[in-house]
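*Asks:* Just one file: work_20.tsv, with TSV, C-alpha atoms and all ligand atoms.
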chain	number	residue	atom	x	y	z
O	263	MET	CA	-26.03	-18.68	-50.83
O	264	LYS	CA	-24.42	-15.34	-51.61
O	265	VAL	CA	-22.00	-15.28	-54.57
O	266	GLN	CA	-19.40	-12.51	-54.85
O	267	CYS	CA	-17.09	-12.31	-57.87
O	268	PHE	CA	-13.53	-10.97	-57.81
O	269	THR	CA	-11.87	-10.63	-61.21
O	270	VAL	CA	-8.11	-10.77	-60.68
O	271	GLY	CA	-4.72	-11.21	-62.28
O	272	MET	CA	-3.41	-10.76	-65.80
O	273	PHE	CA	-5.78	-13.41	-67.24
O	274	GLY	CA	-8.84	-11.60	-65.84
O	275	VAL	CA	-9.96	-14.75	-64.07
O	276	ASN	CA	-13.19	-14.71	-62.07
O	277	THR	CA	-12.73	-16.00	-58.53
O	278	TYR	CA	-15.65	-16.30	-56.13
O	279	LEU	CA	-16.55	-16.02	-52.49
O	280	LEU	CA	-19.55	-18.24	-51.71
O	281	THR	CA	-21.27	-17.53	-48.40
O	282	ASP	CA	-23.93	-19.60	-46.67
O	283	GLU	CA	-26.24	-16.87	-45.41
O	284	ALA	CA	-27.58	-18.87	-42.43
O	285	THR	CA	-24.16	-19.33	-40.80
O	286	GLY	CA	-21.80	-16.93	-42.58
O	287	ALA	CA	-19.52	-19.82	-43.59
O	288	SER	CA	-17.62	-18.96	-46.78
O	289	ALA	CA	-15.75	-20.82	-49.50
O	290	ILE	CA	-13.18	-19.26	-51.82
O	291	VAL	CA	-13.41	-20.69	-55.35
O	292	ASP	CA	-10.20	-20.43	-57.40
O	293	THR	CA	-7.26	-18.15	-56.73
O	294	GLY	CA	-5.87	-16.11	-59.61
O	295	GLU	CA	-2.09	-16.20	-59.96
O	296	THR	CA	-1.16	-13.08	-57.97
O	297	ASP	CA	-1.83	-11.78	-54.43
O	298	GLU	CA	-4.75	-9.68	-55.72
O	299	LEU	CA	-7.46	-11.97	-54.32
O	300	VAL	CA	-5.76	-12.14	-50.91
O	301	ARG	CA	-5.76	-8.34	-50.80
O	302	ALA	CA	-9.37	-8.05	-52.00
O	303	LEU	CA	-10.69	-10.55	-49.45
O	304	SER	CA	-8.58	-9.09	-46.64
O	305	ALA	CA	-10.16	-5.69	-47.28
O	306	LEU	CA	-13.73	-6.97	-46.81
O	307	GLU	CA	-15.72	-5.70	-43.82
O	308	PRO	CA	-16.72	-7.75	-41.96
O	309	ALA	CA	-13.93	-10.25	-42.59
O	310	PRO	CA	-15.27	-13.38	-44.28
O	311	ASP	CA	-15.37	-16.58	-42.23
O	312	VAL	CA	-13.44	-18.67	-44.77
O	313	LYS	CA	-13.98	-22.39	-44.14
O	314	MET	CA	-12.55	-23.88	-47.32
O	315	ILE	CA	-10.90	-23.30	-50.68
O	316	LEU	CA	-12.44	-25.02	-53.72
O	317	LEU	CA	-10.54	-25.29	-57.00
O	318	THR	CA	-12.26	-25.90	-60.32
O	319	HIS	CA	-9.08	-26.94	-62.12
O	320	GLY	CA	-5.30	-26.78	-62.07
O	321	HIS	CA	-4.52	-24.02	-64.56
O	322	LEU	CA	-2.21	-21.25	-63.37
O	323	ASP	CA	-4.88	-18.53	-63.45
O	324	HIS	CA	-7.29	-20.64	-61.36
O	325	ALA	CA	-4.96	-22.34	-58.86
O	326	GLY	CA	-1.61	-20.54	-59.13
O	327	ALA	CA	-1.99	-18.41	-55.99
O	328	LEU	CA	-3.10	-21.26	-53.73
O	329	THR	CA	0.02	-21.01	-51.53
O	330	LEU	CA	-0.58	-17.26	-51.06
O	331	LEU	CA	-4.20	-17.88	-49.95
O	332	GLN	CA	-3.19	-20.72	-47.65
O	333	GLU	CA	-0.70	-18.43	-45.86
O	334	VAL	CA	-3.72	-16.37	-44.76
O	335	TRP	CA	-6.53	-18.97	-44.70
O	336	ASP	CA	-5.11	-22.32	-43.64
O	337	VAL	CA	-8.33	-24.20	-44.45
O	338	PRO	CA	-9.28	-27.51	-46.10
O	339	THR	CA	-8.67	-27.30	-49.83
O	340	TYR	CA	-10.53	-29.29	-52.50
O	341	LEU	CA	-9.42	-30.21	-56.01
O	342	PRO	CA	-10.97	-32.68	-58.49
O	343	ARG	CA	-9.08	-35.96	-58.26
O	344	GLN	CA	-8.48	-36.28	-62.04
O	345	GLU	CA	-6.86	-32.86	-61.98
O	346	ARG	CA	-3.84	-34.05	-60.05
O	347	PRO	CA	-1.45	-34.51	-63.03
O	348	LEU	CA	-2.14	-30.96	-64.27
O	349	PHE	CA	-2.00	-29.48	-60.75
O	350	GLU	CA	1.43	-31.00	-60.28
O	351	THR	CA	2.69	-28.99	-63.27
O	352	LEU	CA	1.81	-25.71	-61.48
O	353	PRO	CA	5.41	-25.07	-60.37
O	354	VAL	CA	6.40	-24.74	-64.05
O	355	GLN	CA	3.18	-23.44	-65.67
O	356	GLY	CA	4.44	-19.87	-65.31
O	357	ARG	CA	7.43	-20.75	-67.47
O	358	MET	CA	5.13	-22.50	-69.97
O	359	PHE	CA	3.09	-19.27	-70.24
O	360	GLY	CA	6.31	-17.21	-70.52
O	361	MET	CA	6.08	-15.91	-66.94
O	362	PRO	CA	8.70	-17.78	-64.88
O	363	GLN	CA	8.30	-15.27	-62.04
O	364	LEU	CA	4.98	-17.06	-61.35
O	365	ASP	CA	6.61	-20.46	-60.84
O	366	ARG	CA	5.90	-21.38	-57.23
O	367	PRO	CA	4.97	-24.47	-55.18
O	368	CYS	CA	1.52	-25.99	-55.75
O	369	GLY	CA	0.15	-25.58	-52.25
O	370	ARG	CA	-1.70	-28.23	-50.28
O	371	VAL	CA	-4.75	-30.24	-51.36
O	372	ASP	CA	-6.67	-31.95	-48.52
O	373	HIS	CA	-9.63	-33.43	-50.42
O	374	TRP	CA	-9.58	-34.99	-53.88
O	375	VAL	CA	-13.15	-34.44	-55.09
O	376	GLU	CA	-15.05	-36.89	-57.28
O	377	ASP	CA	-18.23	-36.69	-59.35
O	378	GLY	CA	-21.33	-36.61	-57.14
O	379	ASP	CA	-19.50	-35.61	-53.95
O	380	ALA	CA	-21.36	-33.34	-51.51
O	381	ILE	CA	-19.57	-30.63	-49.51
O	382	ALA	CA	-21.26	-28.96	-46.54
O	383	LEU	CA	-20.77	-25.18	-46.38
O	384	GLY	CA	-22.66	-24.18	-43.25
O	385	GLU	CA	-26.27	-25.17	-44.00
O	386	THR	CA	-25.68	-25.12	-47.77
O	387	THR	CA	-24.88	-28.35	-49.56
O	388	LEU	CA	-22.56	-27.93	-52.53
O	389	ARG	CA	-22.53	-30.71	-55.10
O	390	PHE	CA	-19.63	-31.49	-57.39
O	391	LEU	CA	-20.11	-32.30	-61.09
O	392	SER	CA	-17.06	-33.58	-62.95
O	393	THR	CA	-16.80	-31.86	-66.38
O	394	PRO	CA	-13.45	-32.86	-67.93
O	395	GLY	CA	-12.42	-31.74	-71.40
O	396	HIS	CA	-10.75	-28.33	-71.03
O	397	THR	CA	-8.51	-30.15	-68.52
O	398	PRO	CA	-8.41	-33.81	-67.36
O	399	GLY	CA	-10.59	-33.30	-64.30
O	400	GLN	CA	-12.18	-29.86	-64.25
O	401	GLY	CA	-15.47	-29.69	-62.39
O	402	CYS	CA	-18.32	-27.50	-61.16
O	403	TYR	CA	-19.64	-26.74	-57.67
O	404	PHE	CA	-23.35	-25.99	-57.33
O	405	ASP	CA	-26.39	-25.65	-55.09
O	406	GLU	CA	-30.07	-25.21	-56.09
O	407	HIS	CA	-29.54	-21.70	-57.50
O	408	ASP	CA	-25.92	-21.18	-58.52
O	409	ILE	CA	-23.19	-23.13	-60.27
O	410	VAL	CA	-19.50	-22.20	-60.48
O	411	VAL	CA	-18.19	-23.79	-63.67
O	412	GLY	CA	-14.54	-22.72	-64.04
O	413	ASP	CA	-13.62	-22.83	-67.73
O	414	THR	CA	-16.24	-25.46	-68.68
O	415	LEU	CA	-18.76	-22.93	-70.03
O	416	PHE	CA	-18.78	-19.19	-70.69
O	417	ALA	CA	-21.54	-16.78	-71.76
O	418	GLY	CA	-21.62	-17.48	-75.50
O	419	SER	CA	-18.56	-19.72	-75.52
O	420	ILE	CA	-16.81	-22.72	-73.95
O	421	GLY	CA	-13.37	-23.43	-72.51
O	422	ARG	CA	-10.57	-24.15	-74.96
O	423	THR	CA	-9.97	-27.80	-75.75
O	424	ASP	CA	-6.68	-27.42	-77.65
O	425	PHE	CA	-4.33	-27.40	-74.63
O	426	PRO	CA	-1.88	-30.30	-74.16
O	427	MET	CA	-4.05	-32.08	-71.56
O	428	SER	CA	-7.42	-31.16	-73.12
O	429	ASP	CA	-9.83	-33.64	-74.69
O	430	PRO	CA	-12.60	-32.27	-76.96
O	431	ALA	CA	-14.53	-35.57	-76.94
O	432	GLN	CA	-14.71	-35.40	-73.14
O	433	ALA	CA	-15.86	-31.77	-73.34
O	434	VAL	CA	-18.73	-32.80	-75.65
O	435	GLN	CA	-19.93	-35.29	-73.01
O	436	SER	CA	-19.31	-32.93	-70.07
O	437	LEU	CA	-21.36	-30.11	-71.58
O	438	ARG	CA	-24.16	-32.59	-72.23
O	439	ARG	CA	-24.15	-33.51	-68.52
O	440	LEU	CA	-23.83	-29.90	-67.37
O	441	LEU	CA	-26.71	-28.71	-69.55
O	442	ALA	CA	-28.90	-31.50	-68.14
O	443	LEU	CA	-29.02	-29.53	-64.87
O	444	PRO	CA	-31.96	-27.12	-64.32
O	445	GLY	CA	-31.98	-24.15	-66.72
O	446	HIS	CA	-32.60	-21.60	-63.95
O	447	LEU	CA	-29.13	-22.19	-62.46
O	448	ARG	CA	-27.04	-19.00	-62.53
O	449	VAL	CA	-23.72	-19.77	-64.18
O	450	HIS	CA	-20.58	-18.21	-62.68
O	451	SER	CA	-17.78	-18.75	-65.19
O	452	GLY	CA	-14.02	-18.52	-64.90
O	453	HIS	CA	-13.99	-15.62	-67.37
O	454	GLY	CA	-16.62	-13.12	-68.56
O	455	PRO	CA	-20.15	-12.27	-67.38
O	456	MET	CA	-22.71	-14.31	-65.48
O	457	THR	CA	-25.34	-16.21	-67.44
O	458	THR	CA	-27.79	-19.09	-66.86
O	459	LEU	CA	-27.80	-22.65	-68.13
O	460	GLY	CA	-31.12	-21.94	-69.87
O	461	GLU	CA	-29.75	-18.93	-71.76
O	462	GLU	CA	-26.71	-20.87	-72.90
O	463	LEU	CA	-28.75	-23.87	-73.99
O	464	ALA	CA	-30.92	-21.52	-76.07
O	465	SER	CA	-28.20	-19.46	-77.75
O	466	ASN	CA	-24.59	-20.57	-77.15
O	467	PRO	CA	-23.19	-21.37	-80.64
O	468	PHE	CA	-21.01	-24.18	-79.21
O	469	LEU	CA	-24.12	-25.98	-77.88
O	470	GLY	CA	-25.91	-26.40	-81.21
O	471	TYR	CA	-25.49	-30.18	-80.93
O	472	LEU	CA	-27.43	-30.21	-77.65
O	473	ARG	CA	-30.27	-28.17	-79.22
O	474	ARG	CA	-30.33	-30.65	-82.12
O	475	GLU	CA	-30.49	-33.60	-79.70
O	476	ARG	CA	-33.39	-32.01	-77.84
O	477	GLY	CA	-35.31	-30.78	-80.88
O	478	LEU	CA	-34.84	-27.11	-79.94
O	479	PRO	CA	-34.49	-24.27	-82.50
O	480	ALA	CA	-30.99	-24.59	-83.98
O	481	GLY	CA	-29.74	-21.00	-83.71
O	482	PRO	CA	-26.17	-20.12	-84.72
O	483	THR	CA	-23.97	-23.22	-84.47
O	484	ILE	CA	-20.20	-23.69	-84.42
O	485	ARG	CA	-18.99	-27.24	-85.08
O	486	TRP	CA	-15.95	-27.59	-82.80
O	487	ALA	CA	-15.58	-31.36	-82.29
O	488	PRO	CA	-16.86	-34.60	-83.87
O	489	GLY	CA	-20.54	-34.97	-83.08
O	490	THR	CA	-21.17	-31.24	-82.67
O	501	ZN	ZN	-8.36	-23.16	-67.62
Can you turn what I pasted into structure tokens?
Ligand SMILES: [Zn+2]
*Replies:*
Amino acid sequence: MKVQCFTVGMFGVNTYLLTDEATGASAIVDTGETDELVRALSALEPAPDVKMILLTHGHLDHAGALTLLQEVWDVPTYLPRQERPLFETLPVQGRMFGMPQLDRPCGRVDHWVEDGDAIALGETTLRFLSTPGHTPGQGCYFDEHDIVVGDTLFAGSIGRTDFPMSDPAQAVQSLRRLLALPGHLRVHSGHGPMTTLGEELASNPFLGYLRRERGLPAGPTIRWAPGT
């Protein structure tokens, strides 16, 4: 699977184009909140064969431009089921962030994804791992080599858990499940550079509790929730 990153919008969100190399079938992951991704993808030569839109979570910077994408690519769209309450606030999230000009309809969701679901992208099978905490239902899409994690995990950091619908205790559990996946997986985060699960397990200061549990060298540790 080929992974292309497009950093867009005023939050500098990383959106992705995943392409199954055997068939050319592509999936757009996340949207930004402006028409920047539509313009970037429309400029690609050859034009991508977009088969689906996958959303990691319902924050404005990740899902806010869904309607703009669907005007161009009217394809099946996937969102984690537990994310529905947050997604339904999209029409007013712009106002909440002080940018009412970004208030717009949610767009259409065709598939409400659940933990363990498999999604066929050409000959590639994408799996879905539910990783709530930053939001009620955020999740990750992955194959044998790459994982797109939204705001679950960043290089050297993790997604904020102090938003109104966040739950730090859930994030503690979700990171434990995420970091149980193979360390060679390349991590494509919602913000910042690419990393791997192995690198983060070894050095991310927010994952000290996982190193302790596994008897790994402690390294720098930030205690950010009970049990960490
Ligand atoms: Zn977010």
*Asks:* Quick one: residues within 10 Å of ligand ZN 501 (chain O), with all atoms listed in the file, as a list in words?
*Replies:*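 Listed by chain and ascending number, the contacts are Val275, Thr318, His319, Gly320, His321, Leu322, Asp323, His324, Ala325, His396, Thr397, Gln400, Gly412, Asp413, Thr414, Gly421, Arg422, Thr423, Phe425, Ser428, Gly452 and His453 of chain O.
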*Asks:* Residues within 10 Å of (-21.1, -20.1, -72.7), file coordinates, counting only C-alpha atoms: what are they? Give the list as a list in words.
*Replies:*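 Residues satisfying the cut-off, written out: Asp413, Thr414, Leu415, Phe416, Ala417, Gly418, Ser419, Ile420, Gly421, Val449, Ser451, His453, Gly454, Pro455, Met456, Thr457, Thr458, Leu459, Glu461, Glu462, Leu463, Ser465, Asn466, Pro467, Phe468 and Leu469 of chain O.
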*Asks:* Pull C-alpha atoms from the residues just selected and write them as an mmCIF file, in the frame of the given file.
*Replies:*
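Writing done, so here's selection-v4.cif:
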data_model
loop_
_atom_site.group_PDB
_atom_site.id
_atom_site.type_symbol
_atom_site.label_atom_id
_atom_site.label_comp_id
_atom_site.auth_asym_id
_atom_site.auth_seq_id
_atom_site.Cartn_x
_atom_site.Cartn_y
_atom_site.Cartn_z
ATOM 1 C CA ASP O 413 -13.620 -22.830 -67.730
ATOM 2 C CA THR O 414 -16.240 -25.460 -68.680
ATOM 3 C CA LEU O 415 -18.760 -22.930 -70.030
ATOM 4 C CA PHE O 416 -18.780 -19.190 -70.690
ATOM 5 C CA ALA O 417 -21.540 -16.780 -71.760
ATOM 6 C CA GLY O 418 -21.620 -17.480 -75.500
ATOM 7 C CA SER O 419 -18.560 -19.720 -75.520
ATOM 8 C CA ILE O 420 -16.810 -22.720 -73.950
ATOM 9 C CA GLY O 421 -13.370 -23.430 -72.510
ATOM 10 C CA VAL O 449 -23.720 -19.770 -64.180
ATOM 11 C CA SER O 451 -17.780 -18.750 -65.190
ATOM 12 C CA HIS O 453 -13.990 -15.620 -67.370
ATOM 13 C CA GLY O 454 -16.620 -13.120 -68.560
ATOM 14 C CA PRO O 455 -20.150 -12.270 -67.380
ATOM 15 C CA MET O 456 -22.710 -14.310 -65.480
ATOM 16 C CA THR O 457 -25.340 -16.210 -67.440
ATOM 17 C CA THR O 458 -27.790 -19.090 -66.860
ATOM 18 C CA LEU O 459 -27.800 -22.650 -68.130
ATOM 19 C CA GLU O 461 -29.750 -18.930 -71.760
ATOM 20 C CA GLU O 462 -26.710 -20.870 -72.900
ATOM 21 C CA LEU O 463 -28.750 -23.870 -73.990
ATOM 22 C CA SER O 465 -28.200 -19.460 -77.750
ATOM 23 C CA ASN O 466 -24.590 -20.570 -77.150
ATOM 24 C CA PRO O 467 -23.190 -21.370 -80.640
ATOM 25 C CA PHE O 468 -21.010 -24.180 -79.210
ATOM 26 C CA LEU O 469 -24.120 -25.980 -77.880
#
*Asks:* Using atom CA of Leu364 of chain O and atom CA of Gly326 of chain O as the two end points, give the distance in Å to one decimal.
*Replies:* 7.8 Å
*Asks:* Quick check, in Å to one decimal: how far apart do atom CA of Ser436 of chain O and atom CA of Pro394 of chain O lie?
*Replies:*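 Result for atom CA of Ser436 of chain O versus atom CA of Pro394 of chain O: 6.2 Å, one decimal.
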*Asks:* Compile the contact shell of Val354 of chain O as a list in words: residues with an atom at most 10 Å away, counting all atoms listed in the file, same-chain residues fewer than 6 positions apart removed.
*Replies:*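 The filter keeps Leu322, Gly360, Met361, Pro362, Gln363, Leu364, Asp365, Arg366, Pro367 and Cys368 of chain O.
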*Asks:* From the set O:Ile315, O:Met358, O:Gly369, O:Glu298, which residue has the shortest atom-to-atom contact distance to Leu328 of chain O, counting all atoms listed in the file?
*Replies:* O:Gly369
*Asks:* Give me the residues of segment 371-399 of chain O that have any atom at most 12 Å from an atom of segment 403-407 of chain O; for each, the nearest atom pair and the distance in Å, rounded to one decimal. Use only C-alpha atoms, sort by chain and number, and format it as CSV.
*Replies:*
residue,atom,partner,partner_atom,distance
O:Val375,CA,O:Tyr403,CA,10.4
O:Glu376,CA,O:Tyr403,CA,11.1
O:Asp377,CA,O:Tyr403,CA,10.2
O:Gly378,CA,O:Tyr403,CA,10.0
O:Asp379,CA,O:Tyr403,CA,9.6
O:Ala380,CA,O:Tyr403,CA,9.2
O:Ile381,CA,O:Tyr403,CA,9.0
O:Ala382,CA,O:Asp405,CA,10.5
O:Leu383,CA,O:Asp405,CA,10.4
O:Glu385,CA,O:Asp405,CA,11.1
O:Thr386,CA,O:Asp405,CA,7.4
O:Thr387,CA,O:Asp405,CA,6.3
O:Leu388,CA,O:Asp405,CA,5.1
O:Arg389,CA,O:Phe404,CA,5.3
O:Phe390,CA,O:Tyr403,CA,4.8
O:Leu391,CA,O:Tyr403,CA,6.5
O:Ser392,CA,O:Tyr403,CA,9.0
O:Thr393,CA,O:Tyr403,CA,10.5
